[in-house]
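Student: So here's start04.txt (compact mmCIF, C-alpha atoms).
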# COMPACT_ATOMS: atom_id res chain seq x y z
CA MET E 1 209.55 84.39 94.29
CA ARG E 2 209.56 81.22 96.36
CA VAL E 3 209.10 81.48 100.14
CA THR E 4 212.38 79.65 100.78
CA SER E 5 214.30 82.18 98.71
CA LEU E 6 212.66 85.04 100.62
CA ILE E 7 213.81 83.54 103.91
CA VAL E 8 217.37 83.07 102.63
CA LEU E 9 217.32 86.63 101.32
CA SER E 10 216.25 88.07 104.66
CA HIS E 11 218.83 85.99 106.54
CA ALA E 12 221.54 87.35 104.27
CA LEU E 13 220.36 90.93 104.67
CA ILE E 14 220.14 90.86 108.44
CA GLY E 15 223.16 88.67 109.06
CA GLY E 16 225.34 90.67 106.70
CA SER E 17 224.40 93.96 108.27
CA GLY E 18 226.01 93.14 111.58
CA PHE E 19 222.89 94.35 113.36
CA GLY E 20 220.17 91.92 114.44
CA VAL E 21 217.29 94.33 114.44
CA PHE E 22 214.69 91.73 115.31
CA ALA E 23 216.62 90.25 118.20
CA VAL E 24 214.80 88.49 121.01
CA PRO E 25 213.76 91.27 123.43
CA THR E 26 216.73 92.20 125.57
CA VAL E 27 216.60 93.21 129.20
CA GLY E 28 216.65 96.90 129.93
CA GLY E 29 218.41 98.12 133.03
CA THR E 30 216.30 96.94 135.95
CA ARG E 31 215.78 99.92 138.25
CA ASP E 32 212.99 98.72 140.49
CA CYS E 33 209.65 96.99 140.18
CA ILE E 34 207.57 100.18 139.88
CA ILE E 35 206.28 101.29 136.47
CA SER E 36 207.85 104.72 135.92
CA ASP E 37 207.59 107.33 133.19
CA ARG E 38 210.61 105.67 131.56
CA ASP E 39 208.62 102.47 131.04
CA ASP E 40 205.82 101.60 128.67
CA VAL E 41 203.20 98.90 129.13
CA LEU E 42 201.27 96.90 126.57
CA LEU E 43 198.21 95.50 128.36
CA LEU E 44 196.08 93.18 126.26
CA ASP E 45 192.32 92.92 126.49
CA ALA E 46 191.41 89.96 128.67
CA PRO E 47 188.63 87.40 129.01
CA GLY E 48 186.81 87.51 132.35
CA PHE E 49 185.41 84.30 133.83
CA PRO E 50 184.00 83.03 137.16
CA ASP E 51 186.47 82.14 139.89
CA PRO E 52 185.92 78.38 140.45
CA LYS E 53 186.77 78.89 144.15
CA ASN E 54 184.36 81.80 144.59
CA ALA E 55 181.59 82.12 142.02
CA GLN E 56 180.85 85.69 143.17
CA HIS E 57 184.28 86.83 142.00
CA THR E 58 185.69 87.18 138.50
CA LEU E 59 189.11 86.13 137.23
CA ALA E 60 190.74 87.77 134.21
CA GLY E 61 193.34 86.20 131.93
CA PHE E 62 195.80 89.10 131.75
CA GLN E 63 198.71 89.37 129.33
CA SER E 64 201.10 92.31 129.55
CA TYR E 65 204.50 93.42 128.30
CA VAL E 66 206.72 96.04 129.95
CA PHE E 67 209.44 97.65 127.86
CA GLU E 68 211.63 100.75 127.75
CA ARG E 69 209.66 103.78 126.62
CA GLN E 70 212.55 105.20 124.61
CA MET E 71 213.52 103.00 121.71
CA ASP E 72 215.45 103.39 118.49
CA ILE E 73 213.08 102.26 115.77
CA LYS E 74 215.12 103.64 112.84
CA PRO E 75 217.45 100.63 112.41
CA VAL E 76 214.42 98.32 112.29
CA VAL E 77 212.67 100.44 109.66
CA ASP E 78 215.86 100.77 107.61
CA GLN E 79 216.44 97.03 107.56
CA VAL E 80 212.84 96.25 106.65
CA THR E 81 212.86 98.90 103.92
CA LYS E 82 215.96 97.28 102.38
CA LEU E 83 214.45 93.82 102.65
CA PHE E 84 211.17 94.93 101.09
CA SER E 85 213.04 96.64 98.26
CA MET E 86 214.93 93.44 97.48
CA MET E 87 211.58 91.63 97.40
CA GLY E 88 210.11 94.18 94.99
CA ILE E 89 207.94 95.89 97.61
CA ASP E 90 207.91 99.68 97.44
CA ILE E 91 207.12 101.40 100.74
CA GLY E 92 206.48 104.69 98.94
CA ASN E 93 204.78 107.19 101.24
CA LYS E 94 203.89 104.55 103.85
CA SER E 95 206.99 105.00 106.05
CA GLU E 96 204.96 106.35 108.99
CA MET E 97 202.57 103.39 108.82
CA VAL E 98 205.49 100.94 108.62
CA THR E 99 207.14 102.63 111.61
CA GLN E 100 204.00 102.24 113.73
CA ARG E 101 203.52 98.59 112.75
CA LEU E 102 207.16 97.77 113.53
CA LYS E 103 207.44 99.73 116.78
CA LEU E 104 207.23 96.81 119.18
CA PHE E 105 209.78 94.78 117.23
CA ALA E 106 212.38 97.24 118.55
CA ALA E 107 211.15 97.09 122.15
CA LYS E 108 213.51 96.15 124.97
CA GLY E 109 211.63 94.15 127.56
CA GLU E 110 212.19 94.87 131.23
CA GLU E 111 212.36 92.05 133.73
CA GLY E 112 211.22 92.21 137.34
CA LYS E 113 208.53 94.83 136.78
CA THR E 114 205.17 94.59 138.55
CA VAL E 115 202.12 95.94 136.76
CA GLU E 116 199.40 97.09 139.14
CA LEU E 117 195.85 97.57 137.93
CA GLU E 118 192.67 99.24 139.09
CA VAL E 119 189.35 97.77 137.96
CA ASP E 120 186.74 100.30 139.07
CA GLU E 121 183.70 98.31 137.94
CA CYS E 122 184.76 95.49 140.25
CA HIS E 123 186.24 97.66 143.04
CA LYS E 124 189.54 95.84 142.89
CA HIS E 125 193.25 96.69 142.99
CA VAL E 126 195.31 94.00 141.26
CA ALA E 127 199.06 93.48 141.68
CA MET E 128 200.38 91.25 138.92
CA ALA E 129 203.34 88.89 139.07
CA GLU E 130 206.75 90.30 138.12
CA THR E 131 207.60 90.31 134.45
CA ALA E 132 209.66 87.45 133.06
CA ARG E 133 213.36 87.17 132.30
CA ASN E 134 214.87 86.28 128.93
CA PRO E 135 213.99 84.95 126.42
CA THR E 136 210.59 86.58 127.05
CA ALA E 137 211.83 89.47 129.17
CA GLY E 138 209.11 91.93 130.07
CA SER E 139 206.18 89.60 129.45
CA MET E 140 203.67 88.43 132.03
CA LEU E 141 200.74 86.02 131.87
CA ARG E 142 198.42 85.61 134.84
CA ASN E 143 194.87 84.75 135.79
CA ALA E 144 194.11 87.31 138.48
CA SER E 145 191.03 88.04 140.57
CA ILE E 146 189.42 91.38 139.75
CA GLY E 147 186.84 91.05 142.50
CA HIS E 148 183.05 91.14 142.50
CA CYS E 149 181.82 92.61 139.21
CA GLY E 150 178.09 92.07 139.69
CA SER E 151 176.26 91.98 136.36
CA ALA E 152 178.95 93.87 134.44
CA GLN E 153 179.85 92.36 131.07
CA LEU E 154 182.67 94.81 130.40
CA ALA E 155 185.24 96.28 132.77
CA GLU E 156 188.24 98.53 132.28
CA ALA E 157 191.59 97.56 133.80
CA LYS E 158 193.77 100.66 134.21
CA VAL E 159 197.51 100.52 134.81
CA VAL E 160 198.50 102.30 138.04
CA LEU E 161 201.17 104.91 137.27
CA THR E 162 203.16 107.33 139.42
CA PRO E 163 201.35 110.54 140.49
CA LYS E 164 203.30 112.71 138.03
CA ASP E 165 202.66 110.39 135.10
CA ASN E 166 199.55 111.61 133.27
CA ARG E 167 199.38 108.81 130.70
CA SER E 168 196.36 106.53 130.51
CA ILE E 169 197.08 102.85 129.81
CA SER E 170 194.19 100.44 129.99
CA ALA E 171 192.56 97.33 128.56
CA ASN E 172 189.10 95.85 128.45
CA VAL E 173 188.00 92.79 130.40
CA PHE E 174 185.21 90.93 128.60
CA ILE E 175 183.25 89.19 131.37
CA SER E 176 181.11 86.15 130.64
CA PRO E 177 179.51 83.40 132.75
CA ASN E 178 180.48 79.73 132.62
CA GLU E 179 177.44 78.77 130.56
CA GLY E 180 175.80 79.55 127.25
CA PHE E 181 177.73 80.06 124.02
CA GLY E 182 180.97 81.67 122.92
CA VAL E 183 182.81 82.15 119.62
CA ILE E 184 186.43 81.22 118.93
CA SER E 185 187.73 82.84 115.76
CA ASP E 186 190.90 82.94 113.72
CA ILE E 187 191.88 86.36 112.30
CA ASP E 188 194.01 86.15 109.14
CA ASP E 189 191.88 85.23 106.11
CA THR E 190 188.97 84.36 108.39
CA VAL E 191 187.87 87.85 109.39
CA LYS E 192 190.72 89.94 107.93
CA VAL E 193 192.09 89.88 104.38
CA THR E 194 195.77 88.90 104.74
CA GLU E 195 196.44 86.56 101.81
CA VAL E 196 198.80 84.31 103.74
CA LEU E 197 199.25 82.07 100.70
CA ASN E 198 200.99 84.95 98.88
CA THR E 199 203.95 86.05 100.98
CA VAL E 200 204.50 89.41 99.28
CA ALA E 201 200.79 90.27 99.45
CA ALA E 202 200.66 89.17 103.09
CA LEU E 203 203.59 91.43 103.99
CA LYS E 204 201.92 94.35 102.22
CA ASN E 205 198.60 93.71 103.97
CA THR E 206 200.37 93.46 107.32
CA PHE E 207 202.73 96.43 107.13
CA LEU E 208 201.70 98.72 104.26
CA GLU E 209 197.93 98.69 103.94
CA ASP E 210 194.90 99.62 106.00
CA PRO E 211 193.35 96.32 107.13
CA LYS E 212 190.26 95.11 105.29
CA PRO E 213 187.61 92.75 106.66
CA VAL E 214 186.56 89.68 104.71
CA PRO E 215 183.33 90.89 103.03
CA GLY E 216 180.26 89.73 104.91
CA MET E 217 182.06 88.59 108.05
CA PRO E 218 181.41 91.71 110.19
CA GLU E 219 177.69 91.35 109.51
CA LEU E 220 177.82 87.62 110.29
CA TYR E 221 179.58 88.21 113.62
CA ALA E 222 177.17 91.01 114.52
CA SER E 223 174.33 88.56 113.86
CA LEU E 224 175.99 85.92 116.06
CA SER E 225 176.38 88.48 118.83
CA LYS E 226 172.60 88.87 118.86
CA SER E 227 171.51 85.28 118.27
CA LEU E 228 173.92 83.84 120.85
CA ASP E 229 172.99 86.46 123.48
CA SER E 230 176.21 88.50 123.63
CA PRO E 231 178.70 85.63 123.64
CA PRO E 232 182.39 86.21 124.37
CA PHE E 233 184.36 86.42 121.15
CA VAL E 234 187.89 85.08 121.54
CA TYR E 235 190.26 85.70 118.64
CA ILE E 236 193.23 83.33 118.31
CA SER E 237 195.93 84.05 115.76
CA GLY E 238 199.38 82.66 115.13
CA SER E 239 200.50 86.20 114.39
CA MET E 240 203.14 87.84 116.56
CA VAL E 241 202.02 89.81 119.59
CA GLN E 242 204.10 92.77 118.39
CA LEU E 243 201.22 93.40 115.98
CA TYR E 244 198.62 93.53 118.76
CA PRO E 245 197.92 97.31 118.55
CA PHE E 246 197.33 96.97 114.79
CA LEU E 247 195.06 93.94 115.11
CA ARG E 248 193.18 95.30 118.12
CA GLY E 249 192.44 98.52 116.25
CA PHE E 250 191.14 96.50 113.32
CA ILE E 251 188.86 94.27 115.44
CA ASN E 252 187.51 97.23 117.41
CA SER E 253 186.73 99.12 114.21
CA ALA E 254 185.53 96.47 111.76
CA TYR E 255 184.02 94.13 114.38
CA SER E 256 182.78 96.60 116.96
CA GLU E 257 179.72 94.46 117.74
CA SER E 258 181.82 91.35 118.27
CA ASN E 259 185.09 92.59 119.72
CA GLY E 260 186.84 90.50 122.31
CA ALA E 261 190.13 89.27 123.70
CA ILE E 262 192.91 88.52 121.20
CA PHE E 263 195.49 85.80 121.80
CA LEU E 264 198.75 86.09 119.85
CA GLN E 265 202.08 84.30 119.98
CA ASN E 266 204.66 85.58 122.45
CA PHE E 267 207.65 87.92 122.08
CA THR E 268 210.20 85.31 120.96
CA PHE E 269 210.78 86.13 117.30
CA VAL E 270 214.42 86.45 116.34
CA ASP E 271 214.26 88.29 113.00
CA ILE E 272 212.09 89.14 110.02
CA THR E 273 212.37 85.57 108.70
CA SER E 274 210.03 84.57 111.53
CA VAL E 275 207.44 86.99 110.19
CA ILE E 276 207.90 85.62 106.67
CA SER E 277 207.69 82.04 107.92
CA PHE E 278 204.41 82.81 109.70
CA LEU E 279 202.92 84.59 106.73
CA ALA E 280 204.02 81.69 104.52
CA GLY E 281 201.96 79.31 106.64
CA GLY E 282 204.02 78.21 109.62
CA ASP E 283 202.56 75.36 111.66
CA ILE E 284 200.70 76.89 114.60
CA LEU E 285 198.44 73.96 115.45
CA ASP E 286 200.00 73.25 118.85
CA TYR E 287 199.91 76.92 119.82
CA LYS E 288 196.21 77.29 118.99
CA LEU E 289 195.37 74.05 120.78
CA SER E 290 197.12 75.34 123.91
CA VAL E 291 195.02 78.51 123.82
CA ILE E 292 191.84 76.46 123.37
CA ASP E 293 192.93 74.41 126.40
CA ASN E 294 193.15 77.66 128.38
CA ILE E 295 189.73 78.78 127.19
CA HIS E 296 188.27 75.43 128.23
CA GLY E 297 189.79 75.95 131.67
CA MET E 298 188.08 79.34 131.88
CA TYR E 299 184.68 78.24 130.58
CA PRO E 300 184.38 74.44 130.96
CA ASN E 301 180.58 74.53 130.76
CA LYS E 302 180.26 76.78 127.72
CA LYS E 303 179.79 75.65 124.15
CA PHE E 304 181.80 77.36 121.42
CA LEU E 305 181.33 77.95 117.73
CA ALA E 306 184.82 77.78 116.17
CA VAL E 307 185.41 79.75 112.96
CA GLY E 308 188.51 79.51 110.79
CA ASP E 309 189.73 79.09 107.23
CA SER E 310 191.50 76.57 105.03
CA THR E 311 194.83 78.34 104.49
CA GLN E 312 196.65 76.88 107.48
CA LYS E 313 195.61 74.38 110.17
CA ASP E 314 192.26 75.59 111.47
CA PRO E 315 190.32 72.48 110.36
CA GLU E 316 192.85 70.16 112.00
CA THR E 317 193.05 72.35 115.13
CA TYR E 318 189.31 72.55 115.74
CA ALA E 319 188.83 68.86 114.97
CA LYS E 320 191.46 67.89 117.55
CA ALA E 321 189.80 70.19 120.08
CA PHE E 322 186.42 68.55 119.40
CA LEU E 323 187.86 65.07 119.82
CA LYS E 324 189.43 66.16 123.12
CA TYR E 325 186.51 68.12 124.58
CA SER E 326 183.50 66.95 122.54
CA ASP E 327 180.59 69.39 122.82
CA PHE E 328 182.80 72.22 124.10
CA ILE E 329 183.45 72.80 120.38
CA SER E 330 179.78 72.65 119.44
CA CYS E 331 180.28 73.56 115.78
CA THR E 332 183.11 74.42 113.37
CA TRP E 333 182.83 76.68 110.32
CA ILE E 334 185.71 76.76 107.83
CA ARG E 335 186.02 79.42 105.13
CA LEU E 336 187.36 77.94 101.89
CA VAL E 337 190.09 80.24 100.55
CA ASP E 338 191.01 80.10 96.89
CA GLY E 339 194.41 78.50 96.36
CA ALA E 340 194.37 76.58 99.64
CA ASN E 341 194.21 72.80 99.94
CA ASN E 342 190.44 72.47 99.74
CA THR E 343 190.36 68.85 98.67
CA ALA E 344 187.85 66.38 100.01
CA GLU E 345 190.76 64.18 101.09
CA ARG E 346 192.20 66.95 103.25
CA PHE E 347 188.94 67.57 105.12
CA GLU E 348 188.11 63.88 105.42
CA ALA E 349 191.44 63.34 107.16
CA ALA E 350 191.18 66.52 109.24
CA PHE E 351 187.68 65.79 110.56
CA GLN E 352 188.09 62.06 111.00
CA GLY E 353 186.02 61.09 114.05
CA VAL E 354 184.01 64.34 114.02
CA PRO E 355 180.31 63.86 113.16
CA PRO E 356 179.56 65.46 109.76
CA ASP E 357 176.81 67.60 111.30
CA ARG E 358 179.38 69.23 113.62
CA PHE E 359 181.32 71.11 110.92
CA ARG E 360 180.55 73.15 107.83
CA LEU E 361 182.70 74.32 104.90
CA PHE E 362 181.65 77.57 103.23
CA ASN E 363 182.85 79.88 100.48
CA ASP E 364 182.37 83.62 100.29
CA THR E 365 179.05 83.38 98.46
CA GLY E 366 177.67 81.42 101.40
CA ILE E 367 178.66 83.80 104.20
CA SER E 368 175.33 85.61 104.34
CA SER E 369 173.37 82.35 104.61
CA LEU E 370 175.26 81.39 107.78
CA ARG E 371 173.21 83.99 109.62
CA ASN E 372 170.17 81.74 109.17
CA ILE E 373 171.71 78.85 111.12
CA ASN E 374 170.38 78.53 114.67
CA VAL E 375 173.63 77.74 116.45
CA ALA E 376 172.04 78.33 119.86
CA ARG E 377 169.60 75.51 119.13
CA GLY E 378 172.42 73.16 118.25
CA ASP E 379 172.38 73.52 114.48
CA CYS E 380 175.66 73.76 112.62
Spell out the structure here as structure tokens.
Tutor:
Amino acid sequence: MRVTSLIVLSHALIGGSGFGVFAVPTVGGTRDCIISDRDDVLLLDAPGFPDPKNAQHTLAGFQSYVFERQMDIKPVVDQVTKLFSMMGIDIGNKSEMVTQRLKLFAAKGEEGKTVELEVDECHKHVAMAETARNPTAGSMLRNASIGHCGSAQLAEAKVVLTPKDNRSISANVFISPNEGFGVISDIDDTVKVTEVLNTVAALKNTFLEDPKPVPGMPELYASLSKSLDSPPFVYISGSMVQLYPFLRGFINSAYSESNGAIFLQNFTFVDITSVISFLAGGDILDYKLSVIDNIHGMYPNKKFLAVGDSTQKDPETYAKAFLKYSDFISCTWIRLVDGANNTAERFEAAFQGVPPDRFRLFNDTGISSLRNINVARGDC
């Protein structure tokens, strides 16, 4: 079935139902700015970097989302089940898995909420900015000081809750100096099998299956973690941030020796067609470049190895970043995925202006040999 017909099909299903289950997050009733037991908080793992105004202090790039704790997920699951059925996808006994993966698509964001954090390793209490209004109600992005962290490479940021609230909500802060090496990595079809070129398979891999790593990539990243002296790994995906718990669990499990902060697109998706459009290869070049701009602002003196694949726009994205920042993107590795545009003409155009010794194309049989490349010495 063609991707365009899938999108038309999902429009018809959702529009005809009279219920926009994937509506842009709506604003819950604003009670006050304090996080109560009626609220829930999604706090994303954050990169930690030196404060340019005070090198003894660390800043963290926090992302959070505050939403109503009680939500009605059933309409979302029902609509997706109908859509999948019309596409020939049988949920079978996976309804509980589908419900968990879809949970945040039903969330109602709450504006005007302030998330407060405690970072014990750095002896710091952090009060974040208030959460945003529509169309991204409940979301918050902020670089905040977490204090003096000494030699700590990992800190835990814990959400401050009311005394009677016994939940534990926290995120990691991956602290790294403004020197040495780091790794920027895509997720889908770079480190995780998603099959974005096959929309039905991609939907199954996203909502119905346990995630699988690309064979050989966990070992490669573990090797890089050693050879580059514990670099920060920063994962950038065009996927929707509603899937963060799923993707974080995958990275922490399959890439435990190279886990790190994950950057995903914001809570602005209108309906399931947005998911289909992404999985069909939506253009996310500008989004990824904006995240790389932020990473450069955090670590202007670091050098990064950038790893991606050929299904979407990773070659073009990393090449543009190299042309903008030069040695900040020290090396680019692109996994060649079967069925993608892997022509010489494509890569010649994508890497125009980039020295040929600054990028490498590899297929799956060559993954293990990448461990022999001395990236720290400047090889690529």
Student: Give as a ChimeraX atom specification the set of residues within 10 Å of the point (210.3, 105.2, 129.0), where distances use the file's coordinates and all atoms listed in the file.
Tutor: /E:35-41,66-71
Student: What gap, in Å, lies between CA of Lys313 in chain E and CA of Ala137 in chain E?
Tutor: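 Between CA of Lys313 in chain E and CA of Ala137 in chain E the gap is 29.2 Å.
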Student: Give me, please, the distance in Å between CA of Gly180 in chain E and CA of Glu121 in chain E, quoted to one decimal.
Tutor: 23.0 Å
Student: From the options E:Val191, E:Val375, E:Ile295, E:Leu243, which residue's atoms come nearest to Ala261 in chain E, counting all atoms listed in the file?
Tutor: E:Ile295
Student: Within 6 Å of (191.4, 69.5, 107.2), in the coordinates the file gives, what residues turn up when you count all atoms listed in the file, written out as a PyMOL selection string?
Tutor: chain E and resi 315-316+346-347+350
Student: Would you kindly return, as a list in words, each protein, DNA or RNA residue with an atom no farther than 6 Å from any atom of Lys113 in chain E, considering all atoms listed in the file and excluding same-chain residues fewer than 3 positions away?
Tutor: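 Within the cut-off, the hits are Cys33, Glu130 and Thr131 of chain E.
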Student: Restricting the calculation to all atoms listed in the file: of E:Asp120, E:Asp189, E:Asp309, E:Glu195, which residue gets closest to Asn341 in chain E?
Tutor: E:Asp309
Student: Between CA of Lys302 in chain E and CA of Pro177 in chain E, what is the distance in Å, rounded to a tenth?
Tutor: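 Rounded to one decimal, the two atoms are 8.3 Å apart.
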Student: Check the smallest atom-to-atom distance from each of E:Ala107, E:Lys82, E:Leu59, E:Leu43 to Val160 in chain E using only C-alpha atoms, then report the winner.
Tutor: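 Distance minimum relative to Val160 in chain E lands on E:Leu43.
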Student: Between E:Asn374, E:Ser64, E:Ser253, E:Thr162, which has the minimum distance to Leu228 in chain E (counting only C-alpha atoms)?
Tutor: E:Asn374
Student: Give me, as a list in words, all polymer residues having an atom no more than 7 Å from Met240 in chain E, counting all atoms listed in the file and skipping those fewer than 4 positions away in the same chain.
Tutor: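 My reading of the contact set: Leu264, Gln265 and Asn266 of chain E.
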Student: With all atoms listed in the file as the counted atoms, please give the residues lying no more than 12 Å from Phe322 in chain E, apart from itself and same-chain residues fewer than 5 positions off, as a short mmCIF file (atom, residue, chain, number, x, y, z; two decimals) with C-alpha atoms, in the coordinates of the input.
Tutor:
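The result, stored in around.cif:
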data_model
loop_
_atom_site.label_atom_id
_atom_site.label_comp_id
_atom_site.auth_asym_id
_atom_site.auth_seq_id
_atom_site.Cartn_x
_atom_site.Cartn_y
_atom_site.Cartn_z
CA LEU E 289 195.37 74.05 120.78
CA ILE E 292 191.84 76.46 123.37
CA ASP E 293 192.93 74.41 126.40
CA HIS E 296 188.27 75.43 128.23
CA LYS E 303 179.79 75.65 124.15
CA PHE E 304 181.80 77.36 121.42
CA LEU E 305 181.33 77.95 117.73
CA ALA E 306 184.82 77.78 116.17
CA PRO E 315 190.32 72.48 110.36
CA GLU E 316 192.85 70.16 112.00
CA THR E 317 193.05 72.35 115.13
CA ASP E 327 180.59 69.39 122.82
CA PHE E 328 182.80 72.22 124.10
CA ILE E 329 183.45 72.80 120.38
CA SER E 330 179.78 72.65 119.44
CA CYS E 331 180.28 73.56 115.78
CA THR E 332 183.11 74.42 113.37
CA ALA E 350 191.18 66.52 109.24
CA PHE E 351 187.68 65.79 110.56
CA GLN E 352 188.09 62.06 111.00
CA GLY E 353 186.02 61.09 114.05
CA VAL E 354 184.01 64.34 114.02
CA PRO E 355 180.31 63.86 113.16
CA ARG E 358 179.38 69.23 113.62
CA PHE E 359 181.32 71.11 110.92
#
Student: Could you pull the residues within 10 Å of range 229-237 of chain E, counting all atoms listed in the file, minus those fewer than 3 positions along the same chain, as a ChimeraX atom specification?
Tutor: /E:46-48,153,174-177,179-188,191,221-226,240-241,247,251,257-265,284,287-289,291-292,295,302,304-308,376
Student: Taking into account only C-alpha atoms, which residue in the set E:Glu118, E:Glu209, E:Glu110, E:Glu345 is nearest to Gly92 in chain E?
Tutor: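 The shortest atom-to-atom distance to Gly92 in chain E comes from E:Glu209.
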Student: Please determine, counting all atoms listed in the file, which residue among E:Ser168, E:Gln242, E:Ile146, E:Lys204 has the shortest atom-to-atom distance to Phe105 in chain E.
Tutor: E:Gln242
Student: So that I can check the surroundings of Ser369 in chain E, please list as a list of chain:residue names every protein, DNA and RNA residue that reaches within 12 Å of it, counting only C-alpha atoms and ignoring chain neighbours fewer than 5 positions away.
Tutor: E:Gly216, E:Met217, E:Glu219, E:Leu220, E:Ser223, E:Phe362, E:Asn363, E:Asp364, E:Asn374, E:Cys380
Student: Kindly reconstruct range 352-358 of chain E with all heavy atoms and present the result as an mmCIF file, in the coordinates of the input.
Tutor:
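So the final result, stored in result.cif, reads:
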data_model
loop_
_atom_site.group_PDB
_atom_site.id
_atom_site.type_symbol
_atom_site.label_atom_id
_atom_site.label_comp_id
_atom_site.auth_asym_id
_atom_site.auth_seq_id
_atom_site.Cartn_x
_atom_site.Cartn_y
_atom_site.Cartn_z
ATOM 1 N N GLN E 352 188.327 63.469 110.692
ATOM 2 C CA GLN E 352 188.090 62.060 111.000
ATOM 3 C C GLN E 352 187.659 61.912 112.461
ATOM 4 O O GLN E 352 188.326 62.390 113.371
ATOM 5 C CB GLN E 352 189.339 61.231 110.744
ATOM 6 C CG GLN E 352 189.130 59.741 110.919
ATOM 7 C CD GLN E 352 190.360 58.928 110.519
ATOM 8 O OE1 GLN E 352 191.391 59.489 110.184
ATOM 9 N NE2 GLN E 352 190.239 57.616 110.563
ATOM 10 N N GLY E 353 186.531 61.268 112.692
ATOM 11 C CA GLY E 353 186.020 61.090 114.050
ATOM 12 C C GLY E 353 185.060 62.171 114.485
ATOM 13 O O GLY E 353 184.420 62.054 115.543
ATOM 14 N N VAL E 354 184.939 63.252 113.698
ATOM 15 C CA VAL E 354 184.010 64.340 114.020
ATOM 16 C C VAL E 354 182.719 64.099 113.231
ATOM 17 O O VAL E 354 182.766 63.932 112.011
ATOM 18 C CB VAL E 354 184.599 65.712 113.635
ATOM 19 C CG1 VAL E 354 183.608 66.831 113.956
ATOM 20 C CG2 VAL E 354 185.923 65.938 114.360
ATOM 21 N N PRO E 355 181.567 64.060 113.887
ATOM 22 C CA PRO E 355 180.310 63.860 113.160
ATOM 23 C C PRO E 355 180.141 64.909 112.059
ATOM 24 O O PRO E 355 180.440 66.093 112.274
ATOM 25 C CB PRO E 355 179.241 64.005 114.237
ATOM 26 C CG PRO E 355 179.944 63.668 115.513
ATOM 27 C CD PRO E 355 181.345 64.168 115.348
ATOM 28 N N PRO E 356 179.676 64.510 110.876
ATOM 29 C CA PRO E 356 179.560 65.460 109.760
ATOM 30 C C PRO E 356 178.615 66.620 110.023
ATOM 31 O O PRO E 356 178.713 67.657 109.356
ATOM 32 C CB PRO E 356 179.080 64.590 108.592
ATOM 33 C CG PRO E 356 178.577 63.329 109.200
ATOM 34 C CD PRO E 356 179.322 63.131 110.477
ATOM 35 N N ASP E 357 177.705 66.486 110.992
ATOM 36 C CA ASP E 357 176.810 67.600 111.300
ATOM 37 C C ASP E 357 177.414 68.556 112.325
ATOM 38 O O ASP E 357 176.735 69.478 112.781
ATOM 39 C CB ASP E 357 175.454 67.097 111.791
ATOM 40 C CG ASP E 357 175.540 66.320 113.103
ATOM 41 O OD1 ASP E 357 176.669 65.968 113.528
ATOM 42 O OD2 ASP E 357 174.474 66.062 113.704
ATOM 43 N N ARG E 358 178.702 68.356 112.660
ATOM 44 C CA ARG E 358 179.380 69.230 113.620
ATOM 45 C C ARG E 358 180.354 70.190 112.938
ATOM 46 O O ARG E 358 181.037 70.956 113.629
ATOM 47 C CB ARG E 358 180.126 68.416 114.668
ATOM 48 C CG ARG E 358 179.258 67.599 115.622
ATOM 49 C CD ARG E 358 178.378 68.481 116.482
ATOM 50 N NE ARG E 358 177.094 68.744 115.842
ATOM 51 C CZ ARG E 358 176.273 69.711 116.209
ATOM 52 N NH1 ARG E 358 176.607 70.533 117.170
ATOM 53 N NH2 ARG E 358 175.128 69.883 115.580
#
